[in-house]
Amino acid sequence: MTETFASLLTPFAARNLTLPNRVVMAPMTRMFSPAGVPGDDVAEYYRKRAAGGVGLIITEGAYIPDPAVGPGRRIPHLYGDDAAAGWAKVVDQVHAEGGKIAPQLWHLGAVRGDNPKYRPEVESVSPSGLALDGSPLGRALTTTDVDALVEAYASAAKFAVEVGFDGLELHGAHGYLLDQFLWRNTNRRTDEYGEPTAFPTAVVRAVRDAVGPDFAIIYRFSQWKSDQYAARIADTPGELGEIVTALTDAGVDILHASTRRFGDVAFPDADEHLTLAGWTRKLASVPTITVGSVGLDQVFTSSQGVGSTSAAAAGIDALLTGFDADQFDLVAIGRALLSDPDWVRKHAEGRADEIVAYDPTFRDRLI
């Protein structure tokens with residue numbers, strides 16, 4: 001183990017969330033939970049990553065209780081007794097290996113689409129009844145609808161506490177519902193929720209009320225959207241500052257800055273070195289998570305971060321340089337952990353040359 005990698009193995013704490021190291025498993029959709037209930041195989045999948053040395057596991061996106069939440073019938077739920085029992089086994093397995101785990105609260109909004117095989121009696125919903133490309137899709141949420149969704153997020157958050165999770169993450173990235181409110185292309189409302197941060201901050205405040213003062217809340221955001229990689233919610237550091245400050249003032253403890261390549265410079269005209277995580281840390285003054293093709297020689301090609309092409313293991317010198325420069329506090333690893341659950345342990349033990357290369361077929365099986 002290099003002395004620099006050892007710095008990623010130092011403890012971290014935010015509210016009640018205490019981690020043995022700075023390495024996070026990134027949320028990656030797998031669809032292995034029939035009827036929304038994670039089984040023993042899912043528990044074993046997450047256990048292996050905790051056993052391999054991951055400090056914090058952020059689960060795949062899990063549905064909050066709303067009829068239009070998303071199309072997948074094998075996506076885990078954050079509601080219902082059966083799902084609670086399944087998640088409790090997952091949590092117990094991760095804790096037994098010394099790891100911590102947080103669910104990701106997910107609502108797809110317009111990204112749910114309008115495929116008639118997915119509950120055709122339920123329309124997709126979004127801030128203004130628009131798909132990410134600006135075309136009409138589903139229906140615009142009423143103010144009453146939006147208020148109900150705030151409560152749905154709070155209900156899922158309370159569920160997470162009761163199951164025994166160590167924190168939670170709100171999925172506000174990649175063009176999903178929370179992000180659709182932040183993006184002017186999809187939020188053209190004229191009521192109070194036309195203000196980009198109004199709905200996300202209302203959700204954060206409701207979640208904070210539901211989980212109490214000591215439970216850690218992570219918020220994942222991005223500039224890019226599904227299949228729209230040039231999209232931006234902030235064109236300047238000042239605009240980004242307004243967003244992240246609003247989120248932290250509402251109760252967010254950690255900001256997860258999702259990028260396709262962790263080292264990309266966010267605003268080159270303002271600074272030639274700072275990444276999105278680096279700017280976020282500077283502007284919001286809270287810990288940040290960096291993510292994006294860490295440890296791989298190919299950038300991902302899917303909004304879910306799993307990718308459709310193979311990728312060889314790559315060095316992490318640039319990542320360690322960014323950590324030493326205080327650009328981020330934690331690093332989320334995605335595909336590299338799909339291919340090799342022992343990624344952290346192998347780096348820690350000086351066996352990086354033994355890391356298994358990523359193969360896209362890993363997404364179709366639990367290992």
# chains A, B, ... in the order shown; residues from 1 in each chain; ligands from 1
call {"tool": "select_by_dssp", "arguments": {"residues": "segment 192-261 of chain A", "states": "alpha helix (DSSP H)", "output": "PyMOL selection string"}}
result
chain A and resi 198-211+237-250
call {"tool": "residues_around", "arguments": {"residues": "segment 27-38 of chain A", "least_positions_apart": "2", "cutoff": "8 Å", "atoms": "only C-alpha atoms", "output": "list in words"}}
result
Met25, Asp40, Asp41, Val42, Ala43, Ile57, Ile58, Thr59, Glu60, Gly61, Gly72, Arg73, Arg74, Ile75, Pro76, His77, Asp82, Ala83, Gly86, Trp87, Val90, Gln104, Gln304, Gly305, Val306, Gly334, Arg363 and Asp364 of chain A
call {"tool": "write_last_selection", "arguments": {"atoms": "N, CA, C and O atoms", "output": "short mmCIF file (atom, residue, chain, number, x, y, z; two decimals), in the first residue's frame"}}
result
data_model
loop_
_atom_site.label_atom_id
_atom_site.label_comp_id
_atom_site.auth_asym_id
_atom_site.auth_seq_id
_atom_site.Cartn_x
_atom_site.Cartn_y
_atom_site.Cartn_z
N MET A 25 -19.19 2.72 -2.17
CA MET A 25 -19.71 2.02 -3.33
C MET A 25 -20.79 2.88 -3.95
O MET A 25 -21.76 3.26 -3.31
N ASP A 40 -31.96 -12.79 -0.42
CA ASP A 40 -30.68 -13.19 0.15
C ASP A 40 -29.53 -12.95 -0.82
O ASP A 40 -28.40 -12.67 -0.38
N ASP A 41 -29.78 -13.09 -2.12
CA ASP A 41 -28.72 -12.86 -3.10
C ASP A 41 -28.28 -11.40 -3.11
O ASP A 41 -27.09 -11.10 -3.25
N VAL A 42 -29.22 -10.49 -2.93
CA VAL A 42 -28.86 -9.08 -2.87
C VAL A 42 -28.06 -8.79 -1.60
O VAL A 42 -27.07 -8.04 -1.62
N ALA A 43 -28.46 -9.39 -0.50
CA ALA A 43 -27.72 -9.23 0.74
C ALA A 43 -26.28 -9.71 0.59
O ALA A 43 -25.33 -9.07 1.06
N ILE A 57 -21.61 1.77 1.62
CA ILE A 57 -22.33 1.31 0.44
C ILE A 57 -23.56 2.18 0.26
O ILE A 57 -24.37 2.32 1.18
N ILE A 58 -23.68 2.81 -0.92
CA ILE A 58 -24.93 3.46 -1.30
C ILE A 58 -25.63 2.50 -2.24
O ILE A 58 -25.09 2.11 -3.27
N THR A 59 -26.82 2.09 -1.87
CA THR A 59 -27.49 1.05 -2.64
C THR A 59 -27.92 1.55 -4.01
O THR A 59 -27.94 2.75 -4.28
N GLU A 60 -28.29 0.60 -4.83
CA GLU A 60 -28.98 0.94 -6.07
C GLU A 60 -30.18 1.82 -5.76
O GLU A 60 -30.70 1.80 -4.64
N GLY A 61 -30.63 2.60 -6.74
CA GLY A 61 -31.80 3.42 -6.54
C GLY A 61 -32.98 2.57 -6.11
O GLY A 61 -33.24 1.50 -6.68
N GLY A 72 -39.73 -0.17 -13.41
CA GLY A 72 -39.11 -1.45 -13.11
C GLY A 72 -39.85 -2.23 -12.04
O GLY A 72 -40.13 -1.71 -10.95
N ARG A 73 -40.15 -3.49 -12.33
CA ARG A 73 -40.82 -4.34 -11.35
C ARG A 73 -39.82 -5.16 -10.52
O ARG A 73 -40.23 -5.94 -9.66
N ARG A 74 -38.54 -4.98 -10.80
CA ARG A 74 -37.51 -5.66 -10.03
C ARG A 74 -36.59 -4.66 -9.33
O ARG A 74 -35.50 -5.01 -8.88
N ILE A 75 -37.05 -3.42 -9.26
CA ILE A 75 -36.33 -2.39 -8.51
C ILE A 75 -36.78 -2.47 -7.05
O ILE A 75 -37.98 -2.56 -6.77
N PRO A 76 -35.86 -2.44 -6.10
CA PRO A 76 -36.29 -2.54 -4.70
C PRO A 76 -37.12 -1.34 -4.25
O PRO A 76 -36.94 -0.22 -4.74
N HIS A 77 -38.03 -1.59 -3.31
CA HIS A 77 -38.90 -0.55 -2.76
C HIS A 77 -38.39 -0.08 -1.41
O HIS A 77 -37.71 -0.83 -0.69
N ASP A 82 -42.66 -6.55 3.38
CA ASP A 82 -41.77 -7.52 2.75
C ASP A 82 -40.44 -6.87 2.38
O ASP A 82 -39.37 -7.46 2.59
N ALA A 83 -40.51 -5.67 1.82
CA ALA A 83 -39.28 -4.96 1.47
C ALA A 83 -38.47 -4.64 2.72
O ALA A 83 -37.23 -4.74 2.73
N GLY A 86 -36.60 -7.70 3.77
CA GLY A 86 -35.49 -7.95 2.87
C GLY A 86 -34.33 -7.00 3.11
O GLY A 86 -33.16 -7.42 3.16
N TRP A 87 -34.63 -5.72 3.24
CA TRP A 87 -33.57 -4.74 3.48
C TRP A 87 -32.90 -4.98 4.83
O TRP A 87 -31.68 -4.76 4.97
N VAL A 90 -30.13 -7.28 4.36
CA VAL A 90 -29.02 -6.61 3.67
C VAL A 90 -28.20 -5.81 4.68
O VAL A 90 -26.96 -5.90 4.73
N GLN A 104 -30.57 4.65 -1.60
CA GLN A 104 -30.75 5.82 -2.46
C GLN A 104 -32.23 5.96 -2.80
O GLN A 104 -32.82 5.06 -3.40
N GLN A 304 -26.80 4.98 -15.71
CA GLN A 304 -26.77 4.24 -14.46
C GLN A 304 -25.34 3.92 -14.04
O GLN A 304 -25.10 3.36 -12.99
N GLY A 305 -24.38 4.30 -14.87
CA GLY A 305 -23.00 4.14 -14.46
C GLY A 305 -22.43 2.77 -14.62
O GLY A 305 -21.31 2.50 -14.20
N VAL A 306 -23.16 1.84 -15.22
CA VAL A 306 -22.62 0.50 -15.37
C VAL A 306 -21.90 0.31 -16.68
O VAL A 306 -20.94 -0.42 -16.77
N GLY A 334 -17.71 2.66 -8.83
CA GLY A 334 -18.82 1.97 -9.44
C GLY A 334 -18.42 0.66 -10.09
O GLY A 334 -18.29 -0.38 -9.44
N ARG A 363 -23.01 -6.92 -14.85
CA ARG A 363 -24.23 -6.24 -14.43
C ARG A 363 -25.43 -7.19 -14.44
O ARG A 363 -26.46 -6.90 -13.84
N ASP A 364 -25.30 -8.32 -15.13
CA ASP A 364 -26.41 -9.23 -15.28
C ASP A 364 -26.37 -10.40 -14.30
O ASP A 364 -27.17 -11.31 -14.38
#
call {"tool": "closest_residue", "arguments": {"among": "A:Thr245, A:Ala250, A:Gly134, A:His107", "to": "Asp179 of chain A", "atoms": "only C-alpha atoms"}}
result
A:His107
call {"tool": "atom_distance", "arguments": {"atom1": "atom CA of Tyr46 of chain A", "atom2": "atom CA of Val94 of chain A"}}
result
6.5 Å
call {"tool": "select_by_dssp", "arguments": {"residues": "segment 127-271 of chain A", "states": "strand (DSSP E or B)", "output": "list of chain:residue names"}}
result
A:Leu130, A:Pro136, A:Arg139, A:Ala140, A:Gly167, A:Leu168, A:Glu169, A:Leu170, A:His171, A:Gly172, A:Ala173, A:His174, A:Ala216, A:Ile217, A:Ile218, A:Tyr219, A:Arg220, A:Phe221, A:Ser222, A:Gln223, A:Trp224, A:Lys225, A:Gln228, A:Ile254, A:Leu255, A:His256, A:Ala257, A:Ser258, A:Val265
call {"tool": "residues_around", "arguments": {"residues": "Thr259 of chain A", "least_positions_apart": "5", "cutoff": "12 Å", "atoms": "only C-alpha atoms", "output": "PyMOL selection string"}}
result
chain A and resi 26+173-174+220-226+229-232+264-266+275-278+289-294+299-305+331-332+334
call {"tool": "write_last_selection", "arguments": {"atoms": "C-alpha atoms", "output": "PDB file, in the first residue's frame"}}
result
ATOM      1  CA  ALA A  26     -21.575   4.061  -5.928  1.00  0.00           C
ATOM      2  CA  ALA A 173     -29.026  13.714 -10.518  1.00  0.00           C
ATOM      3  CA  HIS A 174     -29.094  12.451 -14.114  1.00  0.00           C
ATOM      4  CA  ARG A 220     -26.500  13.313  -5.361  1.00  0.00           C
ATOM      5  CA  PHE A 221     -26.606  15.867  -8.162  1.00  0.00           C
ATOM      6  CA  SER A 222     -25.122  16.265 -11.614  1.00  0.00           C
ATOM      7  CA  GLN A 223     -24.835  18.667 -14.487  1.00  0.00           C
ATOM      8  CA  TRP A 224     -25.464  16.020 -17.190  1.00  0.00           C
ATOM      9  CA  LYS A 225     -28.707  14.165 -17.813  1.00  0.00           C
ATOM     10  CA  SER A 226     -29.461  10.748 -19.270  1.00  0.00           C
ATOM     11  CA  TYR A 229     -24.142  14.988 -21.465  1.00  0.00           C
ATOM     12  CA  ALA A 230     -23.831  18.690 -22.304  1.00  0.00           C
ATOM     13  CA  ALA A 231     -26.734  19.675 -20.020  1.00  0.00           C
ATOM     14  CA  ARG A 232     -26.070  22.095 -17.168  1.00  0.00           C
ATOM     15  CA  ASP A 264     -13.014  16.762 -15.365  1.00  0.00           C
ATOM     16  CA  VAL A 265     -12.619  20.489 -14.726  1.00  0.00           C
ATOM     17  CA  ALA A 266     -16.040  21.977 -13.970  1.00  0.00           C
ATOM     18  CA  THR A 275     -13.620  19.620 -10.500  1.00  0.00           C
ATOM     19  CA  LEU A 276     -17.361  19.642  -9.789  1.00  0.00           C
ATOM     20  CA  ALA A 277     -16.703  18.032  -6.403  1.00  0.00           C
ATOM     21  CA  GLY A 278     -13.948  20.555  -5.742  1.00  0.00           C
ATOM     22  CA  ILE A 289     -18.066  12.669  -2.826  1.00  0.00           C
ATOM     23  CA  THR A 290     -16.344  12.435  -6.191  1.00  0.00           C
ATOM     24  CA  VAL A 291     -17.317   9.779  -8.721  1.00  0.00           C
ATOM     25  CA  GLY A 292     -16.906   8.896 -12.384  1.00  0.00           C
ATOM     26  CA  SER A 293     -14.931   6.089 -14.031  1.00  0.00           C
ATOM     27  CA  VAL A 294     -12.555   5.730 -11.078  1.00  0.00           C
ATOM     28  CA  VAL A 299     -15.622   6.381 -19.356  1.00  0.00           C
ATOM     29  CA  PHE A 300     -19.047   4.916 -18.696  1.00  0.00           C
ATOM     30  CA  THR A 301     -21.706   5.145 -21.413  1.00  0.00           C
ATOM     31  CA  SER A 302     -24.894   4.677 -19.367  1.00  0.00           C
ATOM     32  CA  SER A 303     -26.768   7.011 -17.050  1.00  0.00           C
ATOM     33  CA  GLN A 304     -26.765   4.239 -14.463  1.00  0.00           C
ATOM     34  CA  GLY A 305     -22.998   4.143 -14.458  1.00  0.00           C
ATOM     35  CA  VAL A 331     -14.647   8.681  -3.492  1.00  0.00           C
ATOM     36  CA  ALA A 332     -17.429   6.547  -4.956  1.00  0.00           C
ATOM     37  CA  GLY A 334     -18.823   1.966  -9.438  1.00  0.00           C
TER      38      GLY A 334
END
call {"tool": "residues_around", "arguments": {"residues": "segment 127-132 of chain A", "least_positions_apart": "6", "cutoff": "6 Å", "atoms": "only C-alpha atoms", "output": "list in words"}}
result
Ala110, Gly138, Arg139, Ala140, Leu141, Thr186, Asn187 and Arg188 of chain A
call {"tool": "atom_distance", "arguments": {"atom1": "atom CA of Gly175 of chain A", "atom2": "atom CA of Val111 of chain A"}}
result
7.3 Å
call {"tool": "atom_distance", "arguments": {"atom1": "atom CA of Asp359 of chain A", "atom2": "atom CA of Ser339 of chain A"}}
result
6.8 Å
call {"tool": "residues_around", "arguments": {"residues": "Ala88 of chain A", "least_positions_apart": "5", "cutoff": "9 Å", "atoms": "only C-alpha atoms", "output": "list of chain:residue names"}}
result
A:Ala83, A:Gln93, A:Val163, A:Gly164, A:Phe165
call {"tool": "write_last_selection", "arguments": {"atoms": "N, CA and C atoms", "output": "mmCIF file, in the first residue's frame"}}
result
data_model
loop_
_atom_site.group_PDB
_atom_site.id
_atom_site.type_symbol
_atom_site.label_atom_id
_atom_site.label_comp_id
_atom_site.auth_asym_id
_atom_site.auth_seq_id
_atom_site.Cartn_x
_atom_site.Cartn_y
_atom_site.Cartn_z
ATOM 1 N N ALA A 83 -40.512 -5.668 1.823
ATOM 2 C CA ALA A 83 -39.276 -4.964 1.473
ATOM 3 C C ALA A 83 -38.469 -4.638 2.724
ATOM 4 N N GLN A 93 -26.125 -7.971 7.043
ATOM 5 C CA GLN A 93 -24.957 -8.573 6.390
ATOM 6 C C GLN A 93 -23.824 -7.553 6.243
ATOM 7 N N VAL A 163 -35.599 0.525 9.252
ATOM 8 C CA VAL A 163 -34.933 -0.699 8.804
ATOM 9 C C VAL A 163 -33.548 -0.837 9.428
ATOM 10 N N GLY A 164 -32.906 0.283 9.750
ATOM 11 C CA GLY A 164 -31.592 0.229 10.366
ATOM 12 C C GLY A 164 -30.457 0.724 9.495
ATOM 13 N N PHE A 165 -30.783 1.406 8.401
ATOM 14 C CA PHE A 165 -29.737 1.995 7.565
ATOM 15 C C PHE A 165 -28.959 3.046 8.352
#
call {"tool": "residues_around", "arguments": {"residues": "segment 159-161 of chain A", "least_positions_apart": "6", "cutoff": "8 Å", "atoms": "only C-alpha atoms", "output": "PDB file with C-alpha atoms, in the first residue's frame"}}
result
ATOM      1  CA  LEU A  78     -38.558   1.629   0.299  1.00  0.00           C
ATOM      2  CA  TYR A  79     -42.024   0.777   1.541  1.00  0.00           C
ATOM      3  CA  ALA A  84     -38.449  -3.956   5.048  1.00  0.00           C
ATOM      4  CA  PRO A 103     -30.314   3.518   0.512  1.00  0.00           C
ATOM      5  CA  GLY A 167     -27.853   7.262   6.401  1.00  0.00           C
ATOM      6  CA  LEU A 168     -29.608   7.888   3.102  1.00  0.00           C
ATOM      7  CA  VAL A 211     -35.138  11.165  10.241  1.00  0.00           C
TER       8      VAL A 211
END
call {"tool": "decode", "arguments": {"residues": "segment 119-132 of chain A", "atoms": "N, CA, C and O atoms", "output": "PDB file, in the first residue's frame"}}
result
ATOM      1  N   ARG A 119     -47.809  -0.265 -16.253  1.00  0.00           N
ATOM      2  CA  ARG A 119     -48.963   0.336 -15.612  1.00  0.00           C
ATOM      3  C   ARG A 119     -49.559   1.430 -16.492  1.00  0.00           C
ATOM      4  O   ARG A 119     -49.467   2.628 -16.169  1.00  0.00           O
ATOM      5  N   PRO A 120     -50.162   1.069 -17.600  1.00  0.00           N
ATOM      6  CA  PRO A 120     -50.675   2.076 -18.538  1.00  0.00           C
ATOM      7  C   PRO A 120     -51.724   2.992 -17.929  1.00  0.00           C
ATOM      8  O   PRO A 120     -51.965   4.087 -18.448  1.00  0.00           O
ATOM      9  N   GLU A 121     -52.330   2.568 -16.831  1.00  0.00           N
ATOM     10  CA  GLU A 121     -53.340   3.422 -16.198  1.00  0.00           C
ATOM     11  C   GLU A 121     -52.709   4.571 -15.421  1.00  0.00           C
ATOM     12  O   GLU A 121     -53.401   5.491 -14.968  1.00  0.00           O
ATOM     13  N   VAL A 122     -51.374   4.552 -15.263  1.00  0.00           N
ATOM     14  CA  VAL A 122     -50.673   5.592 -14.516  1.00  0.00           C
ATOM     15  C   VAL A 122     -49.824   6.408 -15.482  1.00  0.00           C
ATOM     16  O   VAL A 122     -48.949   5.869 -16.162  1.00  0.00           O
ATOM     17  N   GLU A 123     -50.061   7.703 -15.529  1.00  0.00           N
ATOM     18  CA  GLU A 123     -49.264   8.570 -16.392  1.00  0.00           C
ATOM     19  C   GLU A 123     -47.942   8.910 -15.717  1.00  0.00           C
ATOM     20  O   GLU A 123     -47.856   9.027 -14.488  1.00  0.00           O
ATOM     21  N   SER A 124     -46.905   9.113 -16.537  1.00  0.00           N
ATOM     22  CA  SER A 124     -45.661   9.647 -16.014  1.00  0.00           C
ATOM     23  C   SER A 124     -45.893  11.083 -15.574  1.00  0.00           C
ATOM     24  O   SER A 124     -46.721  11.800 -16.143  1.00  0.00           O
ATOM     25  N   VAL A 125     -45.157  11.517 -14.556  1.00  0.00           N
ATOM     26  CA  VAL A 125     -45.308  12.875 -14.031  1.00  0.00           C
ATOM     27  C   VAL A 125     -43.959  13.584 -14.019  1.00  0.00           C
ATOM     28  O   VAL A 125     -42.910  12.944 -13.960  1.00  0.00           O
ATOM     29  N   SER A 126     -44.015  14.884 -14.087  1.00  0.00           N
ATOM     30  CA  SER A 126     -42.802  15.707 -14.096  1.00  0.00           C
ATOM     31  C   SER A 126     -43.198  17.144 -13.783  1.00  0.00           C
ATOM     32  O   SER A 126     -44.388  17.468 -13.709  1.00  0.00           O
ATOM     33  N   PRO A 127     -42.233  18.030 -13.610  1.00  0.00           N
ATOM     34  CA  PRO A 127     -42.584  19.407 -13.255  1.00  0.00           C
ATOM     35  C   PRO A 127     -43.532  20.075 -14.246  1.00  0.00           C
ATOM     36  O   PRO A 127     -44.464  20.780 -13.844  1.00  0.00           O
ATOM     37  N   SER A 128     -43.284  19.855 -15.548  1.00  0.00           N
ATOM     38  CA  SER A 128     -44.059  20.574 -16.557  1.00  0.00           C
ATOM     39  C   SER A 128     -44.599  19.678 -17.663  1.00  0.00           C
ATOM     40  O   SER A 128     -44.957  20.162 -18.739  1.00  0.00           O
ATOM     41  N   GLY A 129     -44.659  18.367 -17.420  1.00  0.00           N
ATOM     42  CA  GLY A 129     -45.174  17.457 -18.431  1.00  0.00           C
ATOM     43  C   GLY A 129     -44.272  17.342 -19.640  1.00  0.00           C
ATOM     44  O   GLY A 129     -44.749  17.159 -20.767  1.00  0.00           O
ATOM     45  N   LEU A 130     -42.962  17.412 -19.419  1.00  0.00           N
ATOM     46  CA  LEU A 130     -41.998  17.392 -20.504  1.00  0.00           C
ATOM     47  C   LEU A 130     -40.961  16.298 -20.298  1.00  0.00           C
ATOM     48  O   LEU A 130     -40.479  16.092 -19.176  1.00  0.00           O
ATOM     49  N   ALA A 131     -40.603  15.623 -21.393  1.00  0.00           N
ATOM     50  CA  ALA A 131     -39.479  14.693 -21.374  1.00  0.00           C
ATOM     51  C   ALA A 131     -38.178  15.498 -21.382  1.00  0.00           C
ATOM     52  O   ALA A 131     -38.174  16.720 -21.565  1.00  0.00           O
ATOM     53  N   LEU A 132     -37.049  14.809 -21.210  1.00  0.00           N
ATOM     54  CA  LEU A 132     -35.771  15.508 -21.160  1.00  0.00           C
ATOM     55  C   LEU A 132     -35.432  16.216 -22.464  1.00  0.00           C
ATOM     56  O   LEU A 132     -34.678  17.192 -22.468  1.00  0.00           O
TER      57      LEU A 132
END
